[in-house]
file target_0.tsv (TSV, C-alpha atoms)
chain	number	residue	atom	x	y	z
A	1	MET	CA	-23.19	-45.37	-2.75
A	2	SER	CA	-21.99	-43.59	0.42
A	3	ARG	CA	-18.61	-41.91	0.62
A	4	SER	CA	-17.18	-44.48	3.02
A	5	ILE	CA	-18.42	-47.45	0.97
A	6	LEU	CA	-17.12	-45.81	-2.19
A	7	ALA	CA	-13.71	-45.26	-0.61
A	8	LEU	CA	-13.50	-48.90	0.48
A	9	ALA	CA	-14.60	-50.11	-2.95
A	10	ILE	CA	-12.01	-47.94	-4.68
A	11	MET	CA	-9.27	-49.06	-2.31
A	12	GLY	CA	-10.23	-52.62	-3.18
A	13	ALA	CA	-9.99	-51.80	-6.86
A	14	MET	CA	-6.59	-50.18	-6.31
A	15	THR	CA	-5.18	-53.26	-4.60
A	16	GLY	CA	-7.11	-55.83	-6.62
A	17	PRO	CA	-5.91	-58.16	-9.33
A	18	ALA	CA	-6.19	-55.70	-12.24
A	19	SER	CA	-3.33	-56.09	-14.68
A	20	ALA	CA	-0.61	-53.57	-13.82
A	21	ASP	CA	0.34	-52.98	-17.43
A	22	VAL	CA	-3.08	-51.68	-18.52
A	23	ILE	CA	-3.91	-48.09	-17.53
A	24	LYS	CA	-7.57	-47.28	-17.97
A	25	VAL	CA	-8.80	-43.74	-18.55
A	26	GLY	CA	-12.50	-42.99	-18.07
A	27	ILE	CA	-13.93	-40.42	-20.47
A	28	ILE	CA	-17.27	-38.87	-19.50
A	29	GLY	CA	-18.79	-36.93	-22.40
A	30	THR	CA	-21.95	-36.08	-24.29
A	31	MET	CA	-21.96	-39.13	-26.52
A	32	SER	CA	-25.70	-38.80	-27.25
A	33	GLY	CA	-28.41	-36.16	-27.02
A	34	PRO	CA	-28.47	-32.60	-28.37
A	35	HIS	CA	-24.79	-31.98	-27.53
A	36	SER	CA	-23.53	-35.31	-28.90
A	37	LEU	CA	-21.28	-33.63	-31.48
A	38	PHE	CA	-19.02	-32.42	-28.68
A	39	GLY	CA	-18.71	-35.86	-27.08
A	40	LYS	CA	-17.93	-37.23	-30.53
A	41	ASN	CA	-15.17	-34.62	-30.75
A	42	PHE	CA	-13.71	-35.81	-27.44
A	43	LYS	CA	-13.27	-39.22	-29.04
A	44	MET	CA	-12.00	-37.76	-32.33
A	45	GLY	CA	-9.28	-35.81	-30.52
A	46	ILE	CA	-8.20	-38.72	-28.34
A	47	ASP	CA	-8.18	-41.09	-31.31
A	48	ALA	CA	-5.98	-38.63	-33.22
A	49	TRP	CA	-3.47	-38.54	-30.35
A	50	VAL	CA	-3.39	-42.33	-30.07
A	51	ALA	CA	-3.02	-42.72	-33.85
A	52	GLU	CA	0.05	-40.47	-33.77
A	53	ASN	CA	1.61	-41.71	-30.52
A	54	GLY	CA	0.44	-45.30	-30.12
A	55	ASN	CA	-1.51	-46.82	-27.23
A	56	LYS	CA	1.48	-47.51	-24.98
A	57	VAL	CA	3.44	-45.38	-22.51
A	58	GLY	CA	6.59	-47.29	-21.68
A	59	ASN	CA	5.43	-50.82	-20.88
A	60	HIS	CA	1.89	-49.70	-20.09
A	61	THR	CA	-1.04	-50.02	-22.49
A	62	VAL	CA	-3.50	-47.15	-22.29
A	63	GLU	CA	-7.20	-47.95	-22.68
A	64	PHE	CA	-9.91	-45.28	-22.94
A	65	VAL	CA	-13.37	-46.19	-21.56
A	66	TYR	CA	-16.29	-43.93	-22.56
A	67	ARG	CA	-19.46	-43.07	-20.67
A	68	ASP	CA	-22.35	-40.83	-21.80
A	69	GLU	CA	-23.32	-37.80	-19.66
A	70	GLU	CA	-25.84	-36.61	-22.32
A	71	ALA	CA	-26.93	-33.39	-20.54
A	72	PRO	CA	-26.42	-31.32	-17.39
A	73	ASN	CA	-27.16	-34.05	-14.83
A	74	PRO	CA	-24.82	-33.97	-11.80
A	75	ALA	CA	-26.27	-37.09	-10.15
A	76	LYS	CA	-25.86	-39.16	-13.30
A	77	SER	CA	-22.30	-37.93	-13.94
A	78	LYS	CA	-21.28	-38.68	-10.35
A	79	ALA	CA	-22.74	-42.20	-10.72
A	80	LEU	CA	-20.86	-42.68	-14.00
A	81	ALA	CA	-17.60	-41.62	-12.35
A	82	GLN	CA	-18.22	-44.02	-9.45
A	83	GLU	CA	-18.89	-46.84	-11.91
A	84	LEU	CA	-15.70	-46.08	-13.83
A	85	LEU	CA	-13.65	-45.99	-10.63
A	86	VAL	CA	-15.06	-49.10	-8.98
A	87	LYS	CA	-16.20	-51.37	-11.81
A	88	ASP	CA	-13.81	-50.38	-14.58
A	89	LYS	CA	-10.90	-49.56	-12.24
A	90	VAL	CA	-9.87	-46.48	-14.18
A	91	GLN	CA	-6.79	-44.62	-12.98
A	92	TYR	CA	-7.66	-41.29	-14.62
A	93	LEU	CA	-10.90	-39.46	-15.40
A	94	ALA	CA	-11.31	-36.95	-18.23
A	95	GLY	CA	-13.79	-35.18	-20.48
A	96	VAL	CA	-16.90	-33.57	-18.91
A	97	TYR	CA	-18.85	-31.11	-21.07
A	98	PHE	CA	-20.99	-29.38	-18.43
A	99	THR	CA	-19.86	-27.48	-15.32
A	100	PRO	CA	-22.48	-28.93	-12.91
A	101	ASN	CA	-21.34	-32.43	-13.86
A	102	ALA	CA	-17.68	-31.60	-13.21
A	103	MET	CA	-18.58	-30.11	-9.82
A	104	ALA	CA	-20.41	-33.32	-8.89
A	105	ILE	CA	-17.43	-35.50	-9.79
A	106	ALA	CA	-14.83	-33.39	-7.92
A	107	PRO	CA	-15.50	-34.79	-4.40
A	108	LEU	CA	-14.68	-38.31	-5.61
A	109	LEU	CA	-11.16	-37.45	-6.75
A	110	GLU	CA	-9.34	-37.20	-3.43
A	111	GLU	CA	-11.11	-40.28	-2.02
A	112	SER	CA	-10.04	-42.32	-5.00
A	113	LYS	CA	-6.65	-40.66	-5.65
A	114	THR	CA	-7.67	-39.93	-9.25
A	115	PRO	CA	-6.69	-36.98	-11.47
A	116	LEU	CA	-9.40	-35.40	-13.63
A	117	ILE	CA	-8.51	-33.70	-16.93
A	118	VAL	CA	-11.34	-31.29	-17.77
A	119	MET	CA	-11.72	-31.09	-21.56
A	120	ASN	CA	-14.59	-28.60	-21.72
A	121	ALA	CA	-16.46	-27.45	-18.58
A	122	ALA	CA	-15.52	-23.78	-18.34
A	123	THR	CA	-16.37	-22.32	-14.92
A	124	SER	CA	-13.23	-20.99	-13.25
A	125	ALA	CA	-14.01	-22.46	-9.81
A	126	ILE	CA	-13.85	-26.09	-11.02
A	127	VAL	CA	-10.09	-26.37	-10.55
A	128	GLU	CA	-10.45	-25.09	-6.98
A	129	LYS	CA	-12.62	-28.08	-6.03
A	130	SER	CA	-9.70	-30.53	-5.99
A	131	PRO	CA	-5.90	-30.33	-6.34
A	132	TYR	CA	-6.19	-33.28	-8.75
A	133	ILE	CA	-8.05	-31.31	-11.46
A	134	VAL	CA	-6.21	-29.97	-14.53
A	135	ARG	CA	-7.99	-28.21	-17.42
A	136	THR	CA	-7.06	-28.27	-21.12
A	137	SER	CA	-10.11	-26.43	-22.47
A	138	PHE	CA	-10.75	-22.77	-21.55
A	139	THR	CA	-12.67	-20.65	-19.08
A	140	MET	CA	-15.23	-17.94	-19.63
A	141	TRP	CA	-13.03	-15.31	-17.97
A	142	GLN	CA	-10.17	-16.25	-20.27
A	143	ASN	CA	-12.21	-15.81	-23.45
A	144	THR	CA	-14.43	-12.95	-22.26
A	145	VAL	CA	-11.93	-10.37	-20.98
A	146	PRO	CA	-10.55	-9.87	-24.54
A	147	ALA	CA	-14.14	-9.63	-25.86
A	148	ALA	CA	-14.92	-6.74	-23.52
A	149	LYS	CA	-11.74	-4.93	-24.49
A	150	VAL	CA	-12.50	-5.32	-28.20
A	151	ALA	CA	-16.10	-4.16	-27.70
A	152	PHE	CA	-15.03	-0.90	-26.10
A	153	LYS	CA	-12.19	-0.30	-28.55
A	154	ASN	CA	-14.61	-0.84	-31.46
A	155	GLY	CA	-16.88	1.93	-30.20
A	156	ALA	CA	-19.54	0.13	-28.15
A	157	LYS	CA	-20.85	2.38	-25.38
A	158	LYS	CA	-24.01	0.64	-24.16
A	159	VAL	CA	-23.95	-3.16	-24.04
A	160	ALA	CA	-26.68	-5.66	-23.16
A	161	ILE	CA	-25.35	-8.91	-21.69
A	162	ALA	CA	-27.35	-12.10	-22.35
A	163	VAL	CA	-25.96	-15.36	-20.95
A	164	SER	CA	-27.13	-18.84	-19.97
A	165	ASP	CA	-28.13	-18.99	-16.32
A	166	TYR	CA	-25.54	-21.41	-14.93
A	167	GLY	CA	-21.88	-21.31	-13.87
A	168	PRO	CA	-20.13	-20.44	-17.15
A	169	GLY	CA	-22.77	-17.85	-18.09
A	170	ILE	CA	-22.52	-16.15	-14.72
A	171	ASP	CA	-18.71	-16.11	-15.09
A	172	ALA	CA	-19.04	-14.63	-18.58
A	173	GLU	CA	-21.39	-11.91	-17.33
A	174	ALA	CA	-19.05	-11.01	-14.46
A	175	ALA	CA	-15.95	-10.97	-16.68
A	176	PHE	CA	-17.53	-8.80	-19.37
A	177	LYS	CA	-19.16	-6.36	-16.94
A	178	LYS	CA	-16.01	-5.85	-14.86
A	179	THR	CA	-13.75	-5.39	-17.89
A	180	PHE	CA	-16.13	-3.29	-20.03
A	181	GLU	CA	-17.05	-0.94	-17.20
A	182	GLY	CA	-13.38	-0.72	-16.29
A	183	GLU	CA	-12.67	0.50	-19.82
A	184	GLY	CA	-15.40	3.16	-19.47
A	185	GLY	CA	-18.44	1.49	-21.06
A	186	THR	CA	-21.94	0.98	-19.65
A	187	VAL	CA	-23.93	-2.24	-19.25
A	188	VAL	CA	-27.58	-1.27	-19.84
A	189	GLU	CA	-29.15	-4.72	-19.45
A	190	ALA	CA	-28.04	-8.09	-18.04
A	191	ILE	CA	-30.24	-11.08	-18.87
A	192	ARG	CA	-29.73	-14.61	-17.55
A	193	ILE	CA	-31.39	-17.15	-19.84
A	194	PRO	CA	-32.68	-20.51	-18.53
A	195	LEU	CA	-30.85	-23.39	-20.20
A	196	ALA	CA	-34.10	-24.83	-21.56
A	197	THR	CA	-35.01	-21.63	-23.46
A	198	THR	CA	-35.96	-22.10	-27.11
A	199	ASP	CA	-37.80	-18.80	-27.86
A	200	PHE	CA	-35.37	-15.90	-27.75
A	201	SER	CA	-37.70	-13.22	-29.22
A	202	PRO	CA	-38.71	-11.77	-25.81
A	203	ILE	CA	-35.02	-11.41	-24.96
A	204	MET	CA	-34.40	-9.52	-28.21
A	205	GLN	CA	-37.27	-7.17	-27.33
A	206	ARG	CA	-35.73	-6.44	-23.92
A	207	ILE	CA	-32.44	-5.65	-25.62
A	208	LYS	CA	-34.17	-3.30	-28.09
A	209	ASP	CA	-35.95	-1.53	-25.24
A	210	ALA	CA	-32.66	-1.08	-23.37
A	211	GLY	CA	-31.16	0.92	-26.24
A	212	ALA	CA	-28.04	-1.22	-26.48
A	213	ASP	CA	-25.63	-0.67	-29.35
A	214	MET	CA	-24.05	-4.13	-28.83
A	215	ILE	CA	-25.02	-7.50	-27.37
A	216	PHE	CA	-22.50	-9.67	-25.58
A	217	THR	CA	-23.66	-13.28	-25.24
A	218	PHE	CA	-22.63	-16.72	-24.10
A	219	LEU	CA	-24.65	-19.91	-24.42
A	220	PRO	CA	-23.22	-23.46	-24.37
A	221	ALA	CA	-22.32	-24.58	-27.88
A	222	GLY	CA	-25.14	-26.57	-29.42
A	223	PRO	CA	-28.79	-26.00	-30.40
A	224	PRO	CA	-29.46	-22.95	-28.14
A	225	THR	CA	-26.70	-20.91	-29.75
A	226	LEU	CA	-28.19	-21.30	-33.22
A	227	GLY	CA	-31.60	-20.24	-31.90
A	228	PHE	CA	-30.14	-17.14	-30.26
A	229	VAL	CA	-28.25	-16.01	-33.36
A	230	ARG	CA	-31.26	-16.59	-35.61
A	231	ALA	CA	-33.46	-14.56	-33.24
A	232	TYR	CA	-30.90	-11.72	-33.28
A	233	ILE	CA	-31.10	-11.69	-37.08
A	234	ASP	CA	-34.84	-12.38	-37.47
A	235	ASN	CA	-35.89	-9.73	-34.93
A	236	GLY	CA	-34.06	-7.04	-36.86
A	237	LEU	CA	-31.29	-6.20	-34.40
A	238	LYS	CA	-28.49	-6.96	-36.84
A	239	ALA	CA	-30.20	-4.92	-39.59
A	240	SER	CA	-30.65	-1.98	-37.22
A	241	GLY	CA	-26.94	-1.85	-36.45
A	242	VAL	CA	-26.84	-3.55	-33.04
A	243	LYS	CA	-23.61	-5.53	-33.12
A	244	LEU	CA	-23.20	-9.01	-31.68
A	245	MET	CA	-20.10	-9.99	-29.74
A	246	SER	CA	-19.84	-13.48	-28.33
A	247	THR	CA	-17.48	-16.11	-27.15
A	248	GLY	CA	-16.76	-18.66	-29.85
A	249	ASP	CA	-19.22	-21.15	-28.36
A	250	VAL	CA	-22.01	-19.21	-30.10
A	251	VAL	CA	-20.54	-19.53	-33.60
A	252	THR	CA	-18.92	-22.96	-33.69
A	253	GLU	CA	-17.99	-23.99	-37.22
A	254	PRO	CA	-20.63	-26.75	-37.54
A	255	ASP	CA	-23.36	-24.13	-36.89
A	256	LEU	CA	-22.16	-21.57	-39.44
A	257	PRO	CA	-23.90	-23.15	-42.47
A	258	ASN	CA	-27.21	-23.05	-40.58
A	259	ILE	CA	-26.69	-19.42	-39.55
A	260	GLY	CA	-25.99	-18.58	-43.18
A	261	ASP	CA	-24.70	-15.41	-44.79
A	262	SER	CA	-26.73	-13.28	-42.38
A	263	GLY	CA	-24.12	-14.17	-39.78
A	264	ILE	CA	-21.28	-12.52	-41.71
A	265	GLY	CA	-19.58	-9.96	-39.49
A	266	ILE	CA	-20.49	-11.50	-36.11
A	267	LEU	CA	-17.49	-11.04	-33.80
A	268	SER	CA	-16.22	-13.53	-31.27
A	269	THR	CA	-13.19	-14.18	-29.11
A	270	TYR	CA	-12.02	-17.77	-28.69
A	271	HIS	CA	-9.02	-20.02	-28.23
A	272	TYR	CA	-9.52	-22.20	-31.32
A	273	ALA	CA	-10.87	-21.97	-34.83
A	274	VAL	CA	-10.79	-24.80	-37.35
A	275	SER	CA	-9.40	-22.21	-39.78
A	276	HIS	CA	-6.44	-21.39	-37.48
A	277	ASP	CA	-3.42	-21.08	-39.77
A	278	SER	CA	-0.52	-23.14	-38.41
A	279	LYS	CA	1.37	-26.26	-39.38
A	280	GLU	CA	0.31	-27.90	-36.12
A	281	ASN	CA	-3.37	-27.34	-36.84
A	282	ALA	CA	-2.99	-28.52	-40.43
A	283	ALA	CA	-1.38	-31.75	-39.20
A	284	PHE	CA	-4.09	-32.17	-36.54
A	285	LEU	CA	-6.91	-31.74	-39.03
A	286	ALA	CA	-5.20	-34.13	-41.46
A	287	GLN	CA	-5.01	-36.76	-38.71
A	288	LEU	CA	-8.68	-36.25	-37.83
A	289	LYS	CA	-9.60	-36.66	-41.48
A	290	LYS	CA	-7.44	-39.76	-41.78
A	291	GLY	CA	-9.35	-41.19	-38.81
A	292	GLY	CA	-12.66	-40.68	-40.61
A	293	ALA	CA	-13.74	-37.34	-39.14
A	294	SER	CA	-15.74	-34.89	-41.24
A	295	MET	CA	-14.10	-31.46	-41.32
A	296	ASP	CA	-17.58	-29.94	-41.01
A	297	GLU	CA	-17.96	-31.50	-37.56
A	298	VAL	CA	-14.70	-30.42	-35.89
A	299	THR	CA	-15.12	-28.32	-32.73
A	300	MET	CA	-13.04	-26.97	-29.87
A	301	THR	CA	-13.56	-30.15	-27.80
A	302	ALA	CA	-11.46	-32.15	-30.27
A	303	VAL	CA	-8.35	-30.06	-29.63
A	304	ALA	CA	-9.00	-29.99	-25.86
A	305	ALA	CA	-9.20	-33.80	-25.85
A	306	TYR	CA	-6.10	-34.13	-28.06
A	307	ASP	CA	-4.12	-31.95	-25.64
A	308	GLY	CA	-5.71	-33.70	-22.66
A	309	ALA	CA	-4.45	-37.06	-23.93
A	310	ARG	CA	-0.96	-35.54	-24.11
A	311	LEU	CA	-1.19	-34.69	-20.41
A	312	ILE	CA	-2.49	-38.13	-19.48
A	313	TYR	CA	0.42	-39.79	-21.29
A	314	LYS	CA	2.84	-37.49	-19.47
A	315	MET	CA	1.23	-38.37	-16.13
A	316	ILE	CA	1.51	-42.11	-16.83
A	317	GLU	CA	5.14	-41.69	-17.83
A	318	ALA	CA	5.96	-39.69	-14.69
A	319	THR	CA	4.35	-42.23	-12.35
A	320	ASP	CA	5.43	-45.32	-14.30
A	321	GLY	CA	1.80	-46.39	-14.31
A	322	LYS	CA	1.32	-46.21	-10.53
A	323	ARG	CA	-1.64	-44.48	-8.89
A	324	ASP	CA	0.11	-41.36	-7.58
A	325	PRO	CA	-2.07	-38.30	-8.29
A	326	VAL	CA	0.27	-35.80	-6.65
A	327	LYS	CA	3.22	-36.90	-8.76
A	328	ALA	CA	0.99	-37.10	-11.85
A	329	VAL	CA	-0.34	-33.57	-11.49
A	330	ASP	CA	3.06	-32.14	-10.54
A	331	ALA	CA	4.50	-33.62	-13.75
A	332	VAL	CA	2.27	-31.43	-15.94
A	333	LYS	CA	2.42	-28.18	-13.97
A	334	ASP	CA	4.23	-25.59	-16.10
A	335	MET	CA	4.27	-28.00	-19.06
A	336	LYS	CA	4.61	-26.11	-22.38
A	337	TRP	CA	3.95	-27.21	-25.96
A	338	VAL	CA	2.64	-25.99	-29.30
A	339	SER	CA	-0.96	-27.14	-29.70
A	340	PRO	CA	-3.11	-27.02	-32.85
A	341	ARG	CA	-4.56	-23.86	-31.27
A	342	GLY	CA	-1.14	-22.20	-30.75
A	343	PRO	CA	1.45	-22.08	-27.93
A	344	VAL	CA	0.03	-23.26	-24.59
A	345	SER	CA	1.15	-24.08	-21.07
A	346	ILE	CA	-0.32	-25.36	-17.80
A	347	ASP	CA	-0.30	-22.64	-15.16
A	348	PRO	CA	1.44	-24.25	-12.14
A	349	THR	CA	-0.70	-22.26	-9.69
A	350	THR	CA	-4.18	-22.65	-11.16
A	351	ARG	CA	-3.67	-25.92	-13.14
A	352	HIS	CA	-5.55	-24.24	-15.96
A	353	ILE	CA	-4.29	-23.94	-19.54
A	354	ARG	CA	-2.77	-20.62	-20.61
A	355	GLN	CA	-3.26	-19.95	-24.32
A	356	ASN	CA	-3.80	-17.39	-27.04
A	357	VAL	CA	-7.29	-15.98	-27.45
A	358	TYR	CA	-8.16	-14.74	-30.94
A	359	LEU	CA	-10.56	-12.09	-32.18
A	360	ARG	CA	-12.49	-13.58	-35.09
A	361	SER	CA	-15.28	-12.50	-37.40
A	362	VAL	CA	-17.60	-14.69	-39.43
A	363	GLU	CA	-16.48	-14.33	-43.05
A	364	LYS	CA	-17.05	-16.16	-46.32
A	365	VAL	CA	-13.84	-17.49	-47.83
A	366	ASP	CA	-13.91	-19.55	-51.04
A	367	GLY	CA	-17.64	-20.01	-50.63
A	368	LYS	CA	-17.43	-21.30	-47.05
A	369	LEU	CA	-18.27	-19.50	-43.81
A	370	ILE	CA	-15.38	-19.49	-41.34
A	371	ASN	CA	-14.27	-17.72	-38.18
A	372	LYS	CA	-11.46	-15.59	-39.55
A	373	GLU	CA	-8.85	-14.60	-36.98
A	374	SER	CA	-7.69	-10.98	-37.03
A	375	GLN	CA	-6.04	-10.30	-33.67
A	376	THR	CA	-4.19	-12.33	-31.04
A	377	PHE	CA	-4.33	-11.85	-27.28
A	378	ALA	CA	-1.25	-13.85	-26.33
A	379	ASP	CA	-0.76	-16.16	-23.34
A	380	GLN	CA	-4.08	-15.49	-21.62
A	381	PRO	CA	-4.51	-16.86	-18.08
A	382	ASP	CA	-7.79	-17.53	-16.34
A	383	TRP	CA	-8.35	-13.92	-15.25
A	384	ALA	CA	-10.64	-15.01	-12.40
A	385	LEU	CA	-7.87	-17.03	-10.72
A	386	SER	CA	-4.59	-15.52	-11.88
A	387	LYS	CA	-2.97	-12.27	-10.73
A	388	GLN	CA	-0.87	-12.09	-13.91

call {"tool": "encode", "arguments": {"input": "target_0.tsv", "output": "C-alpha cells"}}
result
Amino acid sequence: MSRSILALAIMGAMTGPASADVIKVGIIGTMSGPHSLFGKNFKMGIDAWVAENGNKVGNHTVEFVYRDEEAPNPAKSKALAQELLVKDKVQYLAGVYFTPNAMAIAPLLEESKTPLIVMNAATSAIVEKSPYIVRTSFTMWQNTVPAAKVAFKNGAKKVAIAVSDYGPGIDAEAAFKKTFEGEGGTVVEAIRIPLATTDFSPIMQRIKDAGADMIFTFLPAGPPTLGFVRAYIDNGLKASGVKLMSTGDVVTEPDLPNIGDSGIGILSTYHYAVSHDSKENAAFLAQLKKGGASMDEVTMTAVAAYDGARLIYKMIEATDGKRDPVKAVDAVKDMKWVSPRGPVSIDPTTRHIRQNVYLRSVEKVDGKLINKESQTFADQPDWALSKQ
C-alpha cells in the first residue's frame, strides 16, 4: 500500500462510523516462534493492568488487538501496523520486540496521527524517528554504561566485546567501549555476531586468543543467549577465570534453569529482575499469578507492557478518547510513578523511560537460581540521547 493510499485509508478510518466509545490499541509482538515467550509477556503485563484498573477510561472502553511479528521482519511488521490502522481502526500502537520492526513502523505514525508505545525494542535512535514514539522498556546505552563502570571497578583490564550484529548490539558495543575506555580499560576484541548464529565455539576461541580477562556481551533474549552462555562455560572460559558481564537479556529468569549451577556468579546490569524486592513488584507478580501466569515465565517485557498500558490509559484520559497524538504524548512527558521495577519517569526531551539499573549476579537462593541485585544505579537516562 503506497503512502498516499495509506493516508487516505487512515483518514477514512478516522472519520468513519467506528463507535466513539471504543478505543482500540494494536499490540504487535512475538506471539509465536522462538521469541514467543516475550510476546506472551506483553499480554501478561497488559492483562495485569486491565485486571487492576478495568477496561474503561472515563466513558471509553479500551480494547487491545494483538498481531504476531514472530521475528525480525520489517516488511511484515509494517504490513501488520497498516492492517491495524486501516482495518481494525486502532488509535494507538504498542509492543514491538525487535528494533528493525519498530523502525519500519515509525514512518506510518505521523501519517496516521498514531502514538507508538515501544515495550521492548532497545536501540536509542527509535524515539528519534517520530515525535509520537514513547518507550517504556530500556535502551542498550542505559543498561550498558553501568556494566562498563562495574567491569573496570571490579578489576577488568582487557575486555572482549561480543554482541549481536544489529541495532541494539551495535549500541551496546559503542556504549561499553566508550565508557570502559574512558575509565582506563582496554577493549582487545570486538565481535559482531550474526543473529542466526547457533555455534558460538569459534567466537570463544577468538576471545581466548585475544587474552581477554572479561567478556561483555549482548544478544536478544531468547535461544541465542542460552547458546552463548553454554559455549562460554563448555569451552572452558569460565573455569579459566575469564569473567562474563552482560546485560540482563543474556540471563533472563526463564533461561537460568537451563544454564544451571555453572552460571552462578555471572554478572549483569538490568532494569528489572523478577526477584526485585519491593511491595510494588510483589503485588505485580501476585496479579500475574492470579491471571494464570507461571512465575517461571515472567520476563522484562511483562513489566514494560504493564507500564505501557498505564501510559496508554493516561493518553486516553488526556484526550478524552479523541485522536490527538500531540496532546496524548504531551500528557505523559515527565510522568512519574513507582513501577514494579522501581521509581521511573518519562524523560520529556527524549520520551524514553528513566529508571534504576541494577547490578545483579546469578545466585542460588532456596534452591532456585535468581538474579540477585547488589547495587543500584539510580535514575539512569538513555546515555546516547541525554546530556544529564

call {"tool": "closest_atom_pairs", "arguments": {"input": "target_0.tsv", "of": "stretch 221-339 of chain A", "to": "stretch 17-37 of chain A", "cutoff": "9 Å", "atoms": "only C-alpha atoms", "output": "JSON lines"}}
result
{"residue": "A:Ala221", "atom": "CA", "partner": "A:His35", "partner_atom": "CA", "distance": 7.8}
{"residue": "A:Gly222", "atom": "CA", "partner": "A:His35", "partner_atom": "CA", "distance": 5.7}
{"residue": "A:Pro223", "atom": "CA", "partner": "A:Pro34", "partner_atom": "CA", "distance": 6.9}
{"residue": "A:Glu297", "atom": "CA", "partner": "A:Leu37", "partner_atom": "CA", "distance": 7.2}
{"residue": "A:Val298", "atom": "CA", "partner": "A:Leu37", "partner_atom": "CA", "distance": 8.5}
{"residue": "A:Thr299", "atom": "CA", "partner": "A:Leu37", "partner_atom": "CA", "distance": 8.2}
{"residue": "A:Ile312", "atom": "CA", "partner": "A:Val25", "partner_atom": "CA", "distance": 8.5}
{"residue": "A:Ile316", "atom": "CA", "partner": "A:Ile23", "partner_atom": "CA", "distance": 8.1}
{"residue": "A:Gly321", "atom": "CA", "partner": "A:Ile23", "partner_atom": "CA", "distance": 6.8}
{"residue": "A:Lys322", "atom": "CA", "partner": "A:Ala20", "partner_atom": "CA", "distance": 8.3}

call {"tool": "atom_distance", "arguments": {"input": "target_0.tsv", "atom1": "atom CA of A:Lys279", "atom2": "atom CA of A:Pro340"}}
result
8.0 Å

call {"tool": "residues_around", "arguments": {"input": "target_0.tsv", "residues": "A:Asn143", "least_positions_apart": "3", "cutoff": "8 Å", "atoms": "only C-alpha atoms", "output": "VMD selection string"}}
result
chain A and resid 138 to 140 146 to 147 247 269 to 271 357

call {"tool": "atom_distance", "arguments": {"input": "target_0.tsv", "atom1": "atom CA of A:Val332", "atom2": "atom CA of A:Tyr97"}}
result
21.7 Å

call {"tool": "closest_residue", "arguments": {"input": "target_0.tsv", "among": "A:Met204, A:Met300, A:Ala210, A:Ala282", "to": "A:Asn235", "atoms": "all atoms listed in the file"}}
result
A:Met204

call {"tool": "closest_residue", "arguments": {"input": "target_0.tsv", "among": "A:Asp320, A:Glu63, A:Asp382, A:Glu181", "to": "A:Ala122", "atoms": "only C-alpha atoms"}}
result
A:Asp382

call {"tool": "residues_around", "arguments": {"input": "target_0.tsv", "residues": "A:Ile346", "least_positions_apart": "3", "cutoff": "9 Å", "atoms": "all atoms listed in the file", "output": "PyMOL selection string"}}
result
chain A and resi 134-136+332-336+349-355

call {"tool": "atom_distance", "arguments": {"input": "target_0.tsv", "atom1": "atom CA of A:Ala121", "atom2": "atom CA of A:Gly182"}}
result
27.0 Å

call {"tool": "closest_residue", "arguments": {"input": "target_0.tsv", "among": "A:Lys149, A:Ala212, A:Thr179, A:Thr225", "to": "A:Phe200", "atoms": "all atoms listed in the file"}}
result
A:Thr225

call {"tool": "closest_residue", "arguments": {"input": "target_0.tsv", "among": "A:Arg206, A:Lys238, A:Lys78, A:Lys158", "to": "A:Gly184", "atoms": "only C-alpha atoms"}}
result
A:Lys158
